[in-house]
file query.csv (CSV, C-alpha atoms and all ligand atoms)
chain,number,residue,atom,x,y,z
A,1,MET,CA,97.0,-88.3,110.7
A,2,ARG,CA,97.1,-86.0,113.7
A,3,GLN,CA,95.2,-87.2,116.8
A,4,SER,CA,92.6,-84.8,118.0
A,5,LEU,CA,93.4,-83.0,121.3
A,6,VAL,CA,91.0,-81.0,123.5
A,7,ILE,CA,92.5,-79.1,126.4
A,8,ALA,CA,90.5,-77.6,129.3
A,9,ASN,CA,91.9,-74.3,130.6
A,10,TRP,CA,90.1,-73.8,134.0
A,11,LYS,CA,91.9,-70.5,134.5
A,12,MET,CA,91.4,-69.2,138.1
A,13,HIS,CA,88.2,-71.2,138.9
A,14,GLY,CA,87.4,-74.0,141.2
A,15,ASP,CA,87.7,-75.3,144.7
A,16,GLN,CA,88.2,-78.9,145.9
A,17,LYS,CA,84.5,-79.6,146.1
A,18,ALA,CA,83.7,-78.2,142.7
A,19,ASN,CA,86.7,-79.8,141.1
A,20,GLU,CA,85.7,-83.2,142.3
A,21,ALA,CA,82.2,-82.9,141.0
A,22,LEU,CA,83.5,-81.6,137.7
A,23,VAL,CA,86.1,-84.3,137.2
A,24,VAL,CA,83.9,-87.2,138.4
A,25,GLY,CA,81.0,-86.0,136.1
A,26,LEU,CA,83.3,-85.5,133.2
A,27,LEU,CA,84.9,-89.0,133.4
A,28,LYS,CA,81.5,-90.6,133.6
A,29,LEU,CA,80.5,-88.8,130.3
A,30,LEU,CA,83.8,-89.4,128.6
A,31,GLY,CA,83.7,-93.1,129.5
A,32,ARG,CA,80.7,-93.5,127.2
A,33,GLN,CA,82.6,-92.1,124.2
A,34,ALA,CA,84.3,-94.8,122.1
A,35,ASN,CA,87.5,-93.8,120.2
A,36,ARG,CA,87.7,-90.4,121.7
A,37,GLY,CA,90.8,-88.3,121.0
A,38,GLU,CA,93.2,-87.0,123.6
A,39,CYS,CA,91.9,-84.9,126.4
A,40,VAL,CA,93.7,-82.8,129.0
A,41,LEU,CA,92.7,-80.8,132.1
A,42,CYS,CA,94.6,-77.7,133.3
A,43,PRO,CA,93.5,-76.7,136.8
A,44,PRO,CA,95.1,-73.9,138.8
A,45,PHE,CA,98.4,-74.9,140.5
A,46,PRO,CA,97.1,-75.7,144.0
A,47,TYR,CA,94.7,-78.3,142.6
A,48,LEU,CA,97.1,-80.2,140.3
A,49,ALA,CA,97.7,-83.0,142.8
A,50,GLN,CA,94.0,-83.3,143.5
A,51,VAL,CA,93.0,-83.5,139.9
A,52,HIS,CA,95.9,-85.9,139.1
A,53,GLU,CA,94.5,-88.2,141.8
A,54,LEU,CA,90.9,-87.9,140.5
A,55,LEU,CA,92.0,-88.6,136.9
A,56,GLY,CA,93.8,-91.9,138.0
A,57,ASP,CA,94.2,-94.2,135.0
A,58,SER,CA,91.3,-92.7,133.1
A,59,GLY,CA,93.5,-91.7,130.1
A,60,VAL,CA,92.7,-88.0,130.6
A,61,THR,CA,96.0,-86.3,131.3
A,62,LEU,CA,97.0,-83.3,133.4
A,63,GLY,CA,98.4,-79.9,132.4
A,64,ALA,CA,99.2,-76.6,134.0
A,65,GLN,CA,98.5,-73.0,133.0
A,66,ASP,CA,102.0,-71.6,133.1
A,67,CYS,CA,105.5,-72.3,134.3
A,68,SER,CA,108.7,-70.4,135.2
A,69,HIS,CA,111.5,-69.7,132.7
A,70,SER,CA,113.9,-70.9,135.3
A,71,GLU,CA,114.7,-74.3,136.8
A,72,SER,CA,114.9,-73.3,140.4
A,73,GLY,CA,116.1,-70.6,142.7
A,74,ALA,CA,115.0,-67.3,144.3
A,75,TYR,CA,111.8,-66.7,142.2
A,76,THR,CA,109.1,-66.1,144.8
A,77,GLY,CA,105.7,-67.2,143.5
A,78,GLU,CA,107.0,-69.0,140.5
A,79,VAL,CA,106.5,-72.7,139.6
A,80,ALA,CA,109.2,-74.7,137.8
A,81,ALA,CA,108.4,-77.0,134.9
A,82,ALA,CA,110.2,-79.8,136.7
A,83,MET,CA,107.8,-79.4,139.6
A,84,LEU,CA,104.9,-79.7,137.2
A,85,ALA,CA,106.4,-82.9,135.8
A,86,ASP,CA,106.9,-84.2,139.4
A,87,LEU,CA,103.1,-83.7,140.0
A,88,GLY,CA,102.2,-85.6,136.9
A,89,CYS,CA,101.7,-82.8,134.4
A,90,ARG,CA,102.4,-83.7,130.8
A,91,TRP,CA,101.5,-80.3,129.3
A,92,VAL,CA,101.8,-76.6,130.1
A,93,ILE,CA,99.9,-73.7,128.5
A,94,LEU,CA,102.4,-70.9,127.7
A,95,GLY,CA,102.0,-67.4,126.3
A,96,HIS,CA,98.3,-67.2,126.9
A,97,SER,CA,97.0,-63.8,126.0
A,98,GLU,CA,95.9,-63.2,129.6
A,99,ARG,CA,99.6,-63.7,130.7
A,100,ARG,CA,100.8,-61.5,127.8
A,101,GLN,CA,98.2,-58.8,128.8
A,102,TYR,CA,98.2,-58.8,132.6
A,103,HIS,CA,101.8,-59.9,133.2
A,104,GLN,CA,103.5,-58.3,130.3
A,105,GLU,CA,105.0,-61.5,129.0
A,106,SER,CA,107.1,-60.9,125.9
A,107,ASP,CA,107.9,-63.4,123.1
A,108,ALA,CA,111.4,-63.7,124.6
A,109,LEU,CA,110.0,-64.7,128.0
A,110,VAL,CA,107.6,-67.2,126.4
A,111,ALA,CA,110.5,-68.7,124.4
A,112,ALA,CA,112.5,-69.1,127.6
A,113,LYS,CA,109.5,-70.8,129.3
A,114,LEU,CA,109.0,-73.0,126.4
A,115,ALA,CA,112.6,-74.2,126.5
A,116,ALA,CA,112.3,-74.8,130.3
A,117,ALA,CA,109.2,-76.9,129.8
A,118,GLN,CA,110.9,-79.0,127.1
A,119,ARG,CA,113.9,-79.5,129.3
A,120,ALA,CA,111.5,-80.9,132.0
A,121,SER,CA,109.8,-83.1,129.4
A,122,VAL,CA,106.5,-81.2,129.7
A,123,VAL,CA,104.9,-80.4,126.3
A,124,PRO,CA,104.3,-76.7,125.8
A,125,VAL,CA,101.0,-75.5,124.4
A,126,LEU,CA,102.0,-72.3,122.8
A,127,CYS,CA,99.2,-69.7,122.5
A,128,VAL,CA,99.3,-67.0,119.8
A,129,GLY,CA,96.6,-64.6,118.6
A,130,GLU,CA,95.8,-61.1,117.6
A,131,THR,CA,93.7,-58.4,119.2
A,132,ARG,CA,90.6,-56.9,117.6
A,133,GLU,CA,92.5,-53.7,116.8
A,134,GLN,CA,95.3,-55.7,115.1
A,135,ARG,CA,92.8,-57.7,113.1
A,136,GLU,CA,90.9,-54.6,112.0
A,137,ALA,CA,94.2,-53.0,111.0
A,138,GLY,CA,95.0,-56.0,108.8
A,139,GLU,CA,97.9,-57.1,111.0
A,140,ALA,CA,96.6,-60.4,112.3
A,141,GLU,CA,98.8,-62.7,110.2
A,142,GLN,CA,101.9,-60.7,110.9
A,143,VAL,CA,101.3,-60.5,114.6
A,144,VAL,CA,100.8,-64.3,114.8
A,145,GLU,CA,103.9,-64.9,112.7
A,146,SER,CA,106.1,-62.8,115.0
A,147,GLN,CA,104.7,-64.5,118.1
A,148,LEU,CA,105.4,-67.9,116.6
A,149,ARG,CA,108.9,-67.1,115.4
A,150,GLY,CA,109.7,-65.3,118.6
A,151,ALA,CA,108.8,-68.3,120.8
A,152,LEU,CA,110.0,-71.1,118.5
A,153,ALA,CA,113.0,-69.7,116.6
A,154,ASP,CA,116.0,-70.8,118.7
A,155,GLN,CA,116.2,-74.1,120.5
A,156,ALA,CA,112.6,-75.3,120.4
A,157,ASP,CA,112.1,-79.0,119.6
A,158,LEU,CA,109.1,-78.9,117.2
A,159,SER,CA,108.5,-82.6,117.6
A,160,ARG,CA,107.2,-81.8,121.1
A,161,VAL,CA,105.0,-78.7,120.9
A,162,VAL,CA,101.3,-77.9,120.3
A,163,VAL,CA,100.2,-74.5,119.0
A,164,ALA,CA,96.9,-72.9,120.0
A,165,TYR,CA,95.5,-70.1,117.9
A,166,GLU,CA,93.4,-67.9,120.2
A,167,PRO,CA,92.2,-64.6,118.7
A,168,VAL,CA,92.1,-62.3,121.7
A,169,TRP,CA,88.8,-60.8,120.6
A,170,ALA,CA,87.2,-64.3,120.8
A,171,ILE,CA,88.3,-65.2,124.3
A,172,GLY,CA,85.5,-65.2,126.8
A,173,THR,CA,83.5,-62.9,124.6
A,174,GLY,CA,81.1,-65.3,123.0
A,175,LEU,CA,82.4,-64.2,119.6
A,176,THR,CA,84.1,-67.0,117.7
A,177,ALA,CA,86.2,-66.8,114.6
A,178,SER,CA,84.2,-68.4,111.8
A,179,PRO,CA,85.5,-71.8,110.8
A,180,GLU,CA,86.8,-70.2,107.6
A,181,GLN,CA,88.6,-67.4,109.5
A,182,ALA,CA,90.1,-69.9,111.9
A,183,GLN,CA,91.2,-72.3,109.1
A,184,ASP,CA,92.8,-69.4,107.2
A,185,MET,CA,94.9,-68.6,110.2
A,186,HIS,CA,95.7,-72.2,110.9
A,187,GLY,CA,96.8,-72.7,107.3
A,188,HIS,CA,99.1,-69.6,107.8
A,189,ILE,CA,100.5,-71.0,111.0
A,190,ARG,CA,101.1,-74.5,109.4
A,191,GLY,CA,103.1,-72.7,106.7
A,192,ILE,CA,105.3,-70.9,109.2
A,193,LEU,CA,105.9,-74.1,111.2
A,194,ALA,CA,106.8,-76.0,108.0
A,195,ASP,CA,109.3,-73.2,107.2
A,196,LEU,CA,110.8,-73.5,110.7
A,197,ASP,CA,111.0,-77.3,110.5
A,198,PRO,CA,110.0,-79.0,107.2
A,199,GLU,CA,109.9,-82.4,108.8
A,200,GLN,CA,107.5,-81.5,111.7
A,201,GLY,CA,105.4,-78.8,110.1
A,202,ASP,CA,102.7,-81.2,109.1
A,203,LYS,CA,102.7,-83.2,112.3
A,204,ILE,CA,102.2,-80.4,114.9
A,205,ARG,CA,98.8,-80.2,116.4
A,206,LEU,CA,97.1,-76.8,116.0
A,207,LEU,CA,94.2,-76.0,118.4
A,208,TYR,CA,91.7,-73.3,118.1
A,209,GLY,CA,90.6,-71.4,121.2
A,210,GLY,CA,88.1,-68.6,121.9
A,211,SER,CA,84.5,-69.2,122.9
A,212,VAL,CA,84.5,-72.8,121.7
A,213,LYS,CA,81.2,-74.3,122.8
A,214,ALA,CA,79.3,-77.6,122.2
A,215,ASP,CA,77.4,-76.0,119.4
A,216,ASN,CA,80.2,-74.5,117.3
A,217,ALA,CA,82.9,-77.2,117.9
A,218,ALA,CA,82.0,-79.6,115.1
A,219,ALA,CA,82.2,-76.9,112.4
A,220,LEU,CA,85.6,-75.8,113.6
A,221,PHE,CA,86.9,-79.3,113.9
A,222,ALA,CA,85.8,-80.1,110.3
A,223,GLN,CA,88.5,-77.7,109.0
A,224,ASN,CA,91.7,-79.3,107.7
A,225,ASP,CA,94.2,-77.6,110.0
A,226,ILE,CA,92.1,-77.5,113.2
A,227,ASP,CA,93.2,-80.5,115.3
A,228,GLY,CA,91.3,-79.7,118.5
A,229,ALA,CA,90.6,-76.9,120.9
A,230,LEU,CA,91.7,-75.0,124.0
A,231,VAL,CA,88.6,-74.4,125.9
A,232,GLY,CA,88.1,-71.9,128.8
A,233,GLY,CA,84.5,-71.2,130.0
A,234,ALA,CA,82.9,-74.3,128.5
A,235,SER,CA,85.4,-76.5,130.2
A,236,LEU,CA,83.9,-75.8,133.6
A,237,ASP,CA,80.7,-77.6,132.6
A,238,ALA,CA,81.1,-81.4,132.4
A,239,GLU,CA,78.4,-81.8,129.8
A,240,ALA,CA,79.5,-79.0,127.5
A,241,PHE,CA,83.1,-80.1,127.7
A,242,ALA,CA,82.3,-83.7,127.1
A,243,ALA,CA,80.3,-82.7,124.0
A,244,ILE,CA,83.3,-80.7,122.7
A,245,VAL,CA,85.6,-83.7,123.2
A,246,GLY,CA,83.0,-85.9,121.5
A,247,ALA,CA,82.9,-83.5,118.5
A,248,ALA,CA,86.7,-83.8,118.1
A,301,LIG,P1,87.1,-69.2,126.4
A,301,LIG,O1,88.7,-69.2,126.7
A,301,LIG,O2,86.8,-70.6,125.9
A,301,LIG,O3,86.4,-68.9,127.7
A,301,LIG,O4,86.9,-68.2,125.3
A,301,LIG,C1,89.6,-69.8,125.9
A,301,LIG,C2,91.0,-69.6,126.5
A,301,LIG,O5,91.3,-68.5,127.0
A,301,LIG,O6,91.9,-70.5,126.5
call {"tool": "encode", "arguments": {"input": "query.csv", "output": "structure tokens"}}
result
Amino acid sequence: MRQSLVIANWKMHGDQKANEALVVGLLKLLGRQANRGECVLCPPFPYLAQVHELLGDSGVTLGAQDCSHSESGAYTGEVAAAMLADLGCRWVILGHSERRQYHQESDALVAAKLAAAQRASVVPVLCVGETREQREAGEAEQVVESQLRGALADQADLSRVVVAYEPVWAIGTGLTASPEQAQDMHGHIRGILADLDPEQGDKIRLLYGGSVKADNAAALFAQNDIDGALVGGASLDAEAFAAIVGAA
């Protein structure tokens, strides 16, 4: 049985005052949920320490939105995975479509970042997903397969990885994959993971992301291979995010 996992991707939002109100409000709401699954907040880098402190021993854990492929050195503007671990991060989102699109991140670079995260004992949350054009051209499964194999093929330890399927056309658009569409892709992903590592394939948590909201979360989570969500916009609202965590 895979434990549910809901991850908040705050993207480039927030300031100290808003973060405090959001985290305090969220912890209050989550405190009323019995037997909830795992829950993670990924604020922007400058606020990791602040959010870590606010989370305290609540059981909600901390993640980051990216890391460097390198351990240290002359990489201006980069943040090493070991620095994230040092600040209390247990998770890092990698290969998000916004990084692939705006920073030209290749599968090879995502693979190197993933290895760096694992070396620092930070669990990578590997994002994959097709664009609208790719889906309309019937290429969605093939695109996702090559992203997965490209990032996981070599040295990845599949006992310490989470995969998030985020169709690019559903991110921030209000369009969600239907539960059936999402399950189809998650089943496909599960098959590839089992091929890469027969022992871990069934244990890896697969999250869905792309306009997950309080009112569509339960139907998504009811699918066999959807173990939780990576939530952008709705994670900035304590009530909406707590409702999604509750649905998982
Ligand atoms: P969204 O973003 O929930 O705002 O669509 C999801 C994501 O990009 O991780």
call {"tool": "residues_around", "arguments": {"input": "query.csv", "residues": "His96 of chain A", "least_positions_apart": "4", "cutoff": "9 Å", "atoms": "all atoms listed in the file", "output": "ChimeraX atom specification"}}
result
/A:65-66,100-101,126-129,166
call {"tool": "closest_residue", "arguments": {"input": "query.csv", "among": "A:Ser159, A:Ser70, A:Gln223, A:Thr76", "to": "Ala111 of chain A", "atoms": "all atoms listed in the file"}}
result
A:Ser70
call {"tool": "residues_near_ligand", "arguments": {"input": "query.csv", "ligand": "ligand LIG 301 (chain A)", "cutoff": "8 Å", "atoms": "only C-alpha atoms and all ligand atoms", "output": "list in words"}}
result
Ala8, Asn9, Lys11, His96, Ser97, Glu98, Glu166, Ala170, Ile171, Gly172, Thr173, Gly174, Gly209, Gly210, Ser211, Val212, Lys213, Leu230, Val231, Gly232, Gly233, Ala234 and Ser235 of chain A
call {"tool": "write_last_selection", "arguments": {"input": "query.csv", "atoms": "C-alpha atoms", "output": "CSV table (one decimal), keeping the file's coordinate frame"}}
result
chain,number,residue,atom,x,y,z
A,8,ALA,CA,90.5,-77.6,129.3
A,9,ASN,CA,91.9,-74.3,130.6
A,11,LYS,CA,91.9,-70.5,134.5
A,96,HIS,CA,98.3,-67.2,126.9
A,97,SER,CA,97.0,-63.8,126.0
A,98,GLU,CA,95.9,-63.2,129.6
A,166,GLU,CA,93.4,-67.9,120.2
A,170,ALA,CA,87.2,-64.3,120.8
A,171,ILE,CA,88.3,-65.2,124.3
A,172,GLY,CA,85.5,-65.2,126.8
A,173,THR,CA,83.5,-62.9,124.6
A,174,GLY,CA,81.1,-65.3,123.0
A,209,GLY,CA,90.6,-71.4,121.2
A,210,GLY,CA,88.1,-68.6,121.9
A,211,SER,CA,84.5,-69.2,122.9
A,212,VAL,CA,84.5,-72.8,121.7
A,213,LYS,CA,81.2,-74.3,122.8
A,230,LEU,CA,91.7,-75.0,124.0
A,231,VAL,CA,88.6,-74.4,125.9
A,232,GLY,CA,88.1,-71.9,128.8
A,233,GLY,CA,84.5,-71.2,130.0
A,234,ALA,CA,82.9,-74.3,128.5
A,235,SER,CA,85.4,-76.5,130.2
call {"tool": "atom_distance", "arguments": {"input": "query.csv", "atom1": "atom CA of Gln183 of chain A", "atom2": "atom CA of Arg160 of chain A"}}
result
22.1 Å
call {"tool": "atom_distance", "arguments": {"input": "query.csv", "atom1": "atom CA of Arg99 of chain A", "atom2": "atom CA of Ala247 of chain A"}}
result
28.6 Å
call {"tool": "atom_distance", "arguments": {"input": "query.csv", "atom1": "atom CA of Glu130 of chain A", "atom2": "atom CA of Pro167 of chain A"}}
result
5.1 Å
call {"tool": "residues_around", "arguments": {"input": "query.csv", "residues": "Ala222 of chain A", "least_positions_apart": "3", "cutoff": "10 Å", "atoms": "all atoms listed in the file", "output": "PyMOL selection string"}}
result
chain A and resi 179+183+217-219+225-228+247-248
call {"tool": "closest_residue", "arguments": {"input": "query.csv", "among": "A:Leu29, A:Phe241, A:Leu175, A:Leu158", "to": "Ile204 of chain A", "atoms": "only C-alpha atoms"}}
result
A:Leu158
call {"tool": "closest_residue", "arguments": {"input": "query.csv", "among": "A:Asp86, A:Ala21, A:Ala242, A:Gly73", "to": "Arg36 of chain A", "atoms": "all atoms listed in the file"}}
result
A:Ala242
call {"tool": "closest_residue", "arguments": {"input": "query.csv", "among": "A:Leu236, A:Ala34, A:Leu84, A:Val161", "to": "Gly14 of chain A", "atoms": "all atoms listed in the file"}}
result
A:Leu236
